[in-house]
Amino acid sequence: MIEARGIKRTFHAHGAFTGAHVVQALRGVDFTLPDGGAVSFIGESGCGKTTLGRILAGLETFDEGELLVDGADVGSLGKRGRDEVFRSIQIVHQDPYSVLNPTRTIAATLGDPLKMIARRRGEKDKGAQQARARELLELVGLQPDGVLQKFPHQLSGGQRQRVVIARALTVDPKVLIADEAVSMIDVSMRLGILSLLRDLRERLGISLVFITHDVATARYLGEGGELHVIYRGEVIERGPVETLIQSPVHPYTQCLLSAVPVLKGLEEPGPDRLLPKDMLDANVETPGCLFEPRCPFATDKCRAEHPVLGAETIAGVEVQHACFHPEVRNVAAVDLETV
Amino acid sequence: MTDIAARADAPTAAAEVAVRDLTVCFPTDTGELAAVSHANLTLAAGRITGLVGESGSGKSTLALSLLGAVPSPGRITGGEVSIAGVGDVTKLTKAKLRQLRGGQVGYVFQASQNSLNPLKTVGRQLLDLGRAHDVENLPELVKRARELCELMGMDGARVLDSYQHQLSGGMRQRVGIVFALVLNAKVLVLDEPTTALDMLSQAAVLRIIARVHRDIGLTTLIVTHDMGVVSELADRLAVMYGGRIVEDGPAEEVLGSPSHPYTKALINATARVTGEIGRARALPGRPPDLTSIPAEGCVFRERCAFAMDVCASVEPELARWRDERRRACHAEVETVTTEGVAAS
Amino acid sequence: MRTWRVLTRKPGRIVGLAILVVFTLLALFGPFLYSGPLAVDPDDVYAGPSAQHLLGTDFAGSDVLQEIITGARYVLETAALSALFTAVIGTGVGLLAGYHRGPTDSALMRLTDFVLTIPGLPLLIVLSTIWSFGRPLEMALALGVTGWGGVARAVRSQTLSLRERGFLEAARGLGLSSRHVIVKELLPNLAPFVAMNMLLAVIAFIAAEVALFFLGVVPFSSSNWGVMLNQAVFSGGAMDSTSALSYLLSPLVCILLITVGIVLFLDAVDELFNPRLRERS
């Protein structure tokens, strides 16, 4: 189980042409990931979701806040302790090819961590390691004989991603972080990976942190999923996936959902669908709401005060949002079958 | 805002593009293999056509054929590509082809946001483009580029003075479109115009494509693997698999009642914000690449839910079955259209 | 099988390999073809090529071909060993520096800088006054220990860029040890780079030692190509008369042939090590 409180991360960048500038990647993110649960983070590029994923995987430090993994405060652990904790949190990236060593076969890639674990446990049985590798490949939906002796470039994108997941499973993780894990995979194979993640949740009790810019994919991760919408390092709305999609209250969430293309012939646009304002380069730091410059419903109050994430019941729906003028708008596409 | 379509040197009518029996082959260790096989496709004048296919379907190769720019060692081994007012692209001389590219057919490459020279400003690259096409009146070209930028919601002067790293991904994509259209092309081809763009930028770019298409009066082809990208824009939709066009027709009808098992399976496999989650199903197996396209019979049969014996030996022909709809399948239309997916 | 296919894809590679094989055989077995010291024939000085002396004779009437063949070993052995030393030391230093970064990197790079600033050739000239470099190993050591700076730098920069590749981060994330990452993940990816560098280094080292012997600053006890050049130019008057042409040209042509051979073969090295390139049809 993961508990994150007030995670902040600031980058001090120094561009060659733009000079020094400070980027607040995360401004105080809280969330709880229960065992076997699924939390999805959605936002535009640059909103901080990838940084959050990397922090959770231990690949990045954070400047303020607390991160508790199974009750242990990561910040107070030494290097050894941290390594052990983060080994139980494995990350799956967008590009499966880049995380596989191109000069090693799949058998070798899976064998390395298995060998390491066997050594740690004092087990010498090579046969057991090979059997486990095969078992994991089957678990992720691959034919071991068709894959073990191949090199990464000989597999399709979908197969590679499954190998990456199999490798992550070799160390018996409790949490899988999927950072845009299906964005580079062909459409016909995406759902396969999403179903696999769902299966891992249901069968092995592995929790998921799912980072994406495609809201629709967050629906296929199984029951009880939570969706958090991030804007410029802040969570501005969160709740159960279906609730958020059908009854979003924050204008940014509504803009995101409005931007999802409608499959005409199968769906029709939501009745309240928003036509977003043209994108400004909104990178200024304001004392008020960060989304205000682009918000179609902004008022003076939004410019002056900064809204904080809080719970409220609107139109009979329990929601958590950070907005001064929340309103339920049905912006998501509507399936024609239900009409 | 100047109405670009009314300019004296602008094309007055959109052009139809007819691809007939096009075959494009690549040499391999095992002989010449077809990346595109006997493709028949018409891009109706003034309309937006979406060409949907996954990796290895041959869609990018087909799109490049419109420019006569199939990357070597590939080559067009049969068929023709006729553009109204230009002739058969496959028969053009090198000089005429250079003129065609940019001059009559504008092509926006995949990830064109990464194809700008990082060491030159956008304006300089524009001038390079003009000179490469022997444009005499360069100031006029710059003016047109500025107008196109305004049309796309960008500050023309600022963009032309910028280096590529000073522009966001969405803006660079738009610059790619400006470059494709600045020489008064009447046909616009976009290859995966929204890869690597998030939802909001994608929506913005798609809206801009629609606006530009309408205001200038273009014939547009959008090549993509994501049905969502073309579902709102396209008038017509064509689906490709293994180098063949397996289905095409009016976009709404193809999506609403797909007549080919692959189209249907692809729609079912697409993650959607609405609709029953349980209905969605991934396709078994993987899309074929050049070397694994079956030599005989239907290329889709191994992943097809409706496969029959005849599919293993006889390749189905792309045939009209209703008004403007065509399909290449042995199974009966009724069998495929009833079962799952929204009916309308 | 795959190796053969890679080699035969371009004819140049086979030619390159053939040249290298021939010279390697020469170096290994050459001296056994001729036993005893060089035959001297004062009546037949600087004779042109003939049936008896395929490449003519030198200033003392000795057969040039024999000198070429027996002289090959020293030159090639030294160059190969030097290349090996610089590759091993340079890769080791560069890898460790690039992988660990921080203080290790700074320390190793300072060391590398020092080595880089050592003027190789002049140092060897100075060393030669106290060290006779009788055996190839000795010269190889001298050349190798002073010449690994460039390789270290290059390997370090390759390591730094490979480090950013996802698969290294993934390996660490899984808990795999540094040793594993360096040896099993990094090294195979560096292999083509290092191999190519080594082959190119051989060319450079041949040139370096031939130059040293040619300049006459290194004392020699037996004949080798550099010595031949030295003799030809300085004591044989080869620059003034054409009769010594074959004596002068023979070692030069050999060096040229080896260089060409290595360059042609180099083309195959990247493909041999990189499984991805191998499969491309």
# chains A, B, ... in the order shown; residues from 1 in each chain; ligands from 1
$ residues_around --residues "A:Pro248" --least-positions-apart "3" --cutoff "7 Å" --atoms "only C-alpha atoms" --output "PyMOL selection string"
chain A and resi 244-245+253-254+328-329
$ write_last_selection --atoms "C-alpha atoms" --output "tab-separated table (two decimals), in the first residue's frame"
chain	number	residue	atom	x	y	z
A	244	LEU	CA	-15.50	11.45	-13.26
A	245	ILE	CA	-16.15	10.65	-16.90
A	253	THR	CA	-11.52	17.81	-16.65
A	254	GLN	CA	-14.40	18.88	-18.82
A	328	VAL	CA	-21.60	18.99	-13.53
A	329	ARG	CA	-21.46	19.06	-17.31
$ residues_around --residues "A:Val175" --least-positions-apart "4" --cutoff "10 Å" --atoms "only C-alpha atoms" --output "VMD selection string"
chain A and resid 1 to 2 33 35 to 38 56 to 57 86 to 91 168 to 169 201 205 to 209
$ closest_residue --among "A:Glu84, A:Glu180, A:Asp112, A:Asp300" --to "chain B" --atoms "only C-alpha atoms"
A:Glu180
$ residues_around --residues "A:Ala118" --least-positions-apart "5" --cutoff "12 Å" --atoms "only C-alpha atoms" --output "number ranges by chain"
A: 111-113, 123-130, 132, 170-171
$ interface_residues --of "chain B" --to "chain A" --cutoff "9 Å" --atoms "only C-alpha atoms" --output "compact mmCIF listing (two decimals) with N, CA and C atoms, in the first residue's frame"
# COMPACT_ATOMS: atom_id res chain seq x y z
N GLU B 54 -2.95 -0.36 -39.01
CA GLU B 54 -1.92 -0.46 -37.97
C GLU B 54 -0.55 -0.54 -38.61
N SER B 55 0.46 -0.79 -37.77
CA SER B 55 1.80 -0.84 -38.34
C SER B 55 1.88 -2.05 -39.26
N GLY B 153 -4.17 29.91 -35.92
CA GLY B 153 -4.16 30.41 -34.55
C GLY B 153 -2.78 30.69 -34.00
N GLN B 166 11.79 26.62 -29.45
CA GLN B 166 11.02 27.65 -28.78
C GLN B 166 9.52 27.45 -28.99
N SER B 168 6.07 24.85 -29.02
CA SER B 168 5.57 23.63 -28.39
C SER B 168 5.33 22.57 -29.47
N ALA B 196 2.23 11.59 -30.49
CA ALA B 196 3.00 12.28 -29.45
C ALA B 196 2.33 13.57 -28.99
N LEU B 197 1.13 13.85 -29.43
CA LEU B 197 0.43 15.02 -28.91
C LEU B 197 -0.59 14.56 -27.90
N ASP B 198 -0.76 15.33 -26.82
CA ASP B 198 -1.79 14.91 -25.86
C ASP B 198 -3.17 15.32 -26.37
N MET B 199 -4.19 14.93 -25.62
CA MET B 199 -5.57 15.09 -26.07
C MET B 199 -5.92 16.49 -26.52
N LEU B 200 -5.53 17.48 -25.73
CA LEU B 200 -5.93 18.85 -26.05
C LEU B 200 -5.23 19.36 -27.29
N SER B 201 -3.92 19.09 -27.39
CA SER B 201 -3.20 19.52 -28.59
C SER B 201 -3.74 18.79 -29.80
N GLN B 202 -4.07 17.52 -29.61
CA GLN B 202 -4.61 16.74 -30.72
C GLN B 202 -5.90 17.36 -31.22
N ALA B 203 -6.79 17.67 -30.28
CA ALA B 203 -8.07 18.25 -30.67
C ALA B 203 -7.85 19.56 -31.41
N ALA B 204 -6.90 20.35 -30.93
CA ALA B 204 -6.63 21.64 -31.57
C ALA B 204 -6.12 21.45 -32.99
N HIS B 225 -3.35 5.33 -37.34
CA HIS B 225 -3.71 4.02 -36.80
C HIS B 225 -4.84 4.17 -35.80
N ASP B 226 -5.18 5.42 -35.50
CA ASP B 226 -6.16 5.70 -34.46
C ASP B 226 -7.46 6.16 -35.08
N MET B 227 -8.47 5.33 -34.98
CA MET B 227 -9.75 5.69 -35.59
C MET B 227 -10.31 6.98 -35.06
N GLY B 228 -10.06 7.22 -33.78
CA GLY B 228 -10.58 8.43 -33.16
C GLY B 228 -10.13 9.68 -33.89
N VAL B 229 -8.88 9.65 -34.34
CA VAL B 229 -8.31 10.83 -34.99
C VAL B 229 -9.12 11.24 -36.21
N VAL B 230 -9.61 10.27 -36.96
CA VAL B 230 -10.33 10.63 -38.17
C VAL B 230 -11.83 10.58 -38.02
N SER B 231 -12.31 10.03 -36.91
CA SER B 231 -13.75 9.79 -36.83
C SER B 231 -14.56 11.06 -36.94
N GLU B 232 -14.06 12.16 -36.41
CA GLU B 232 -14.88 13.37 -36.47
C GLU B 232 -14.66 14.16 -37.74
N ALA B 251 -17.63 7.66 -43.65
CA ALA B 251 -17.07 7.41 -42.32
C ALA B 251 -18.11 6.96 -41.30
N GLU B 252 -19.22 7.66 -41.28
CA GLU B 252 -20.24 7.34 -40.28
C GLU B 252 -20.77 5.92 -40.46
N GLU B 253 -20.94 5.53 -41.72
CA GLU B 253 -21.48 4.19 -41.96
C GLU B 253 -20.46 3.11 -41.64
N VAL B 254 -19.20 3.36 -42.00
CA VAL B 254 -18.18 2.34 -41.73
C VAL B 254 -18.04 2.13 -40.22
N LEU B 255 -18.10 3.22 -39.46
CA LEU B 255 -17.97 3.08 -38.01
C LEU B 255 -19.24 2.53 -37.38
N GLY B 256 -20.36 2.96 -37.90
CA GLY B 256 -21.61 2.54 -37.30
C GLY B 256 -21.97 1.11 -37.61
N SER B 257 -21.73 0.69 -38.84
CA SER B 257 -22.02 -0.69 -39.21
C SER B 257 -20.90 -1.23 -40.09
N ALA B 265 -13.51 -5.71 -35.68
CA ALA B 265 -12.65 -6.09 -34.56
C ALA B 265 -11.84 -4.89 -34.07
N LEU B 266 -11.40 -4.05 -35.00
CA LEU B 266 -10.60 -2.88 -34.62
C LEU B 266 -11.43 -1.91 -33.80
N ILE B 267 -12.67 -1.72 -34.19
CA ILE B 267 -13.55 -0.83 -33.43
C ILE B 267 -13.78 -1.41 -32.04
N ASN B 268 -14.01 -2.72 -32.00
CA ASN B 268 -14.24 -3.37 -30.70
C ASN B 268 -13.01 -3.30 -29.80
N ALA B 269 -11.84 -3.21 -30.43
CA ALA B 269 -10.61 -3.20 -29.65
C ALA B 269 -10.19 -1.80 -29.23
N THR B 270 -10.96 -0.81 -29.63
CA THR B 270 -10.58 0.56 -29.30
C THR B 270 -11.13 0.96 -27.94
N ALA B 271 -10.26 1.53 -27.11
CA ALA B 271 -10.71 2.00 -25.80
C ALA B 271 -11.59 3.23 -25.98
N ARG B 272 -12.75 3.21 -25.40
CA ARG B 272 -13.67 4.33 -25.55
C ARG B 272 -14.11 4.86 -24.21
N VAL B 273 -14.50 6.15 -24.15
CA VAL B 273 -14.94 6.71 -22.88
C VAL B 273 -16.35 6.28 -22.53
N THR B 274 -17.06 5.75 -23.50
CA THR B 274 -18.44 5.38 -23.22
C THR B 274 -18.68 4.00 -23.79
N GLY B 275 -19.80 3.43 -23.49
CA GLY B 275 -20.05 2.07 -23.98
C GLY B 275 -19.63 1.04 -22.95
N GLU B 276 -20.14 -0.17 -23.14
CA GLU B 276 -19.86 -1.22 -22.16
C GLU B 276 -18.41 -1.66 -22.19
N ILE B 277 -17.80 -1.72 -21.02
CA ILE B 277 -16.39 -2.12 -20.94
C ILE B 277 -16.22 -3.57 -21.38
N GLY B 278 -17.17 -4.39 -21.01
CA GLY B 278 -17.05 -5.81 -21.29
C GLY B 278 -17.08 -6.15 -22.77
N ALA B 280 -15.47 -4.63 -25.13
CA ALA B 280 -14.19 -4.42 -25.80
C ALA B 280 -13.33 -5.67 -25.75
N ARG B 281 -12.71 -5.95 -26.84
CA ARG B 281 -11.92 -7.16 -26.93
C ARG B 281 -10.70 -6.91 -27.79
N ALA B 282 -9.54 -7.33 -27.32
CA ALA B 282 -8.34 -7.16 -28.14
C ALA B 282 -8.33 -8.21 -29.24
N LEU B 283 -7.63 -7.96 -30.29
CA LEU B 283 -7.51 -8.96 -31.36
C LEU B 283 -6.41 -9.94 -31.00
N PRO B 284 -6.64 -11.22 -31.27
CA PRO B 284 -5.56 -12.18 -31.04
C PRO B 284 -4.45 -11.98 -32.07
N GLY B 285 -3.26 -12.38 -31.74
CA GLY B 285 -2.17 -12.32 -32.72
C GLY B 285 -1.66 -10.90 -32.91
N ARG B 286 -0.94 -10.68 -33.99
CA ARG B 286 -0.41 -9.36 -34.25
C ARG B 286 -0.50 -9.04 -35.73
N PRO B 287 -0.49 -7.75 -36.07
CA PRO B 287 -0.60 -7.39 -37.49
C PRO B 287 0.64 -7.89 -38.23
N VAL B 341 -21.05 -4.59 -31.39
CA VAL B 341 -20.86 -3.21 -31.86
C VAL B 341 -22.18 -2.50 -32.13
N ALA B 342 -22.20 -1.23 -31.89
CA ALA B 342 -23.45 -0.48 -32.01
C ALA B 342 -24.04 -0.59 -33.40
N ALA B 343 -25.32 -0.80 -33.46
CA ALA B 343 -26.01 -0.81 -34.74
C ALA B 343 -26.63 0.56 -34.94
N SER B 344 -26.79 0.97 -36.12
CA SER B 344 -27.47 2.26 -36.31
C SER B 344 -28.12 2.34 -37.68
$ closest_atom_pairs --of "chain C" --to "chain A" --cutoff "7 Å" --atoms "only C-alpha atoms" --output "CSV"
residue,atom,partner,partner_atom,distance
C:Arg165,CA,A:Ser98,CA,6.4
C:Gly166,CA,A:Val99,CA,4.2
C:Phe167,CA,A:Val99,CA,3.7
C:Ala170,CA,A:Val99,CA,6.4
C:Gly173,CA,A:Arg87,CA,6.2
C:Leu174,CA,A:Arg87,CA,5.8
C:Gly175,CA,A:Arg87,CA,6.4
C:Leu176,CA,A:Pro113,CA,6.6
C:Glu185,CA,A:Asn101,CA,6.8
C:Pro188,CA,A:Thr103,CA,6.6
C:Asn189,CA,A:Thr103,CA,6.7
C:Asn274,CA,A:Thr103,CA,6.7
C:Pro275,CA,A:Thr103,CA,6.3
C:Arg276,CA,A:His153,CA,6.3
$ write_last_selection --atoms "N, CA and C atoms" --output "mmCIF file, in the first residue's frame"
data_model
loop_
_atom_site.group_PDB
_atom_site.id
_atom_site.type_symbol
_atom_site.label_atom_id
_atom_site.label_comp_id
_atom_site.auth_asym_id
_atom_site.auth_seq_id
_atom_site.Cartn_x
_atom_site.Cartn_y
_atom_site.Cartn_z
ATOM 1 N N ARG C 165 19.977 5.174 -21.415
ATOM 2 C CA ARG C 165 19.061 4.263 -22.045
ATOM 3 C C ARG C 165 18.246 3.547 -20.987
ATOM 4 N N GLY C 166 17.012 3.371 -21.300
ATOM 5 C CA GLY C 166 16.106 2.768 -20.342
ATOM 6 C C GLY C 166 16.536 1.455 -19.750
ATOM 7 N N PHE C 167 17.209 0.620 -20.515
ATOM 8 C CA PHE C 167 17.438 -0.726 -19.993
ATOM 9 C C PHE C 167 18.423 -0.749 -18.835
ATOM 10 N N ALA C 170 16.295 0.192 -15.861
ATOM 11 C CA ALA C 170 15.433 -0.939 -15.534
ATOM 12 C C ALA C 170 16.215 -1.995 -14.770
ATOM 13 N N GLY C 173 16.674 -0.905 -11.345
ATOM 14 C CA GLY C 173 15.388 -0.936 -10.649
ATOM 15 C C GLY C 173 15.026 -2.337 -10.187
ATOM 16 N N LEU C 174 15.496 -3.334 -10.940
ATOM 17 C CA LEU C 174 15.204 -4.707 -10.561
ATOM 18 C C LEU C 174 16.114 -5.166 -9.435
ATOM 19 N N GLY C 175 17.134 -4.352 -9.151
ATOM 20 C CA GLY C 175 18.025 -4.707 -8.065
ATOM 21 C C GLY C 175 19.275 -5.423 -8.522
ATOM 22 N N LEU C 176 19.527 -5.442 -9.840
ATOM 23 C CA LEU C 176 20.719 -6.116 -10.330
ATOM 24 C C LEU C 176 21.958 -5.318 -9.940
ATOM 25 N N GLU C 185 25.342 -5.734 -19.257
ATOM 26 C CA GLU C 185 24.472 -4.830 -20.000
ATOM 27 C C GLU C 185 25.252 -3.804 -20.808
ATOM 28 N N PRO C 188 28.420 -5.388 -23.612
ATOM 29 C CA PRO C 188 28.018 -5.855 -24.936
ATOM 30 C C PRO C 188 27.589 -4.725 -25.863
ATOM 31 N N ASN C 189 27.060 -3.654 -25.272
ATOM 32 C CA ASN C 189 26.663 -2.538 -26.114
ATOM 33 C C ASN C 189 27.857 -1.691 -26.518
ATOM 34 N N ASN C 274 26.073 -6.280 -33.547
ATOM 35 C CA ASN C 274 24.754 -5.733 -33.311
ATOM 36 C C ASN C 274 23.692 -6.638 -33.908
ATOM 37 N N PRO C 275 22.990 -7.392 -33.073
ATOM 38 C CA PRO C 275 22.022 -8.352 -33.611
ATOM 39 C C PRO C 275 20.944 -7.694 -34.438
ATOM 40 N N ARG C 276 20.635 -6.446 -34.139
ATOM 41 C CA ARG C 276 19.563 -5.806 -34.869
ATOM 42 C C ARG C 276 19.949 -5.601 -36.321
#
$ closest_atom_pairs --of "chain B" --to "chain C" --cutoff "9 Å" --atoms "only C-alpha atoms" --output "CSV"
residue,atom,partner,partner_atom,distance
B:Pro27,CA,C:Ser281,CA,8.2
B:Thr28,CA,C:Ser281,CA,5.4
B:Asp29,CA,C:Ser281,CA,5.6
B:Thr30,CA,C:Ser281,CA,8.8
$ select_by_dssp --residues "stretch 32-261 of chain C" --states "alpha helix (DSSP H)" --output "JSON, numbers by chain"
{"C": [32, 33, 64, 65, 66, 67, 68, 69, 70, 71, 72, 73, 74, 75, 76, 77, 78, 79, 80, 81, 82, 83, 84, 85, 86, 87, 88, 89, 90, 91, 92, 93, 94, 95, 96, 97, 98, 99, 100, 102, 103, 104, 105, 106, 107, 108, 109, 110, 111, 112, 113, 114, 115, 116, 117, 120, 121, 122, 123, 124, 125, 126, 127, 136, 137, 138, 139, 140, 141, 142, 143, 144, 145, 146, 147, 149, 150, 151, 152, 153, 154, 155, 156, 157, 158, 159, 160, 161, 162, 163, 166, 167, 168, 169, 170, 171, 172, 173, 178, 179, 180, 187, 188, 189, 190, 191, 192, 193, 194, 195, 196, 197, 198, 199, 200, 201, 202, 203, 204, 205, 206, 207, 208, 209, 210, 211, 212, 213, 214, 215, 225, 226, 227, 228, 229, 230, 245, 246, 247, 248, 249, 250, 251, 252, 253, 254, 255, 256, 257, 258, 259, 260, 261]}
$ closest_residue --among "C:Ser50, C:Thr117, C:Thr24, C:Ser128" --to "C:Ala80" --atoms "only C-alpha atoms"
C:Thr24
$ residues_around --residues "B:Ala63" --least-positions-apart "4" --cutoff "12 Å" --atoms "only C-alpha atoms" --output "number ranges by chain"
B: 17, 19, 22, 24, 35-36, 39, 41, 43, 49-53, 57-59, 67-71, 81, 105-110, 187-192, 220-224, 240, 243
$ residues_around --residues "stretch 8-12 of chain A" --least-positions-apart "2" --cutoff "7 Å" --atoms "only C-alpha atoms" --output "MDAnalysis selection string"
chainID A and resid 6 14 21:29 62:65
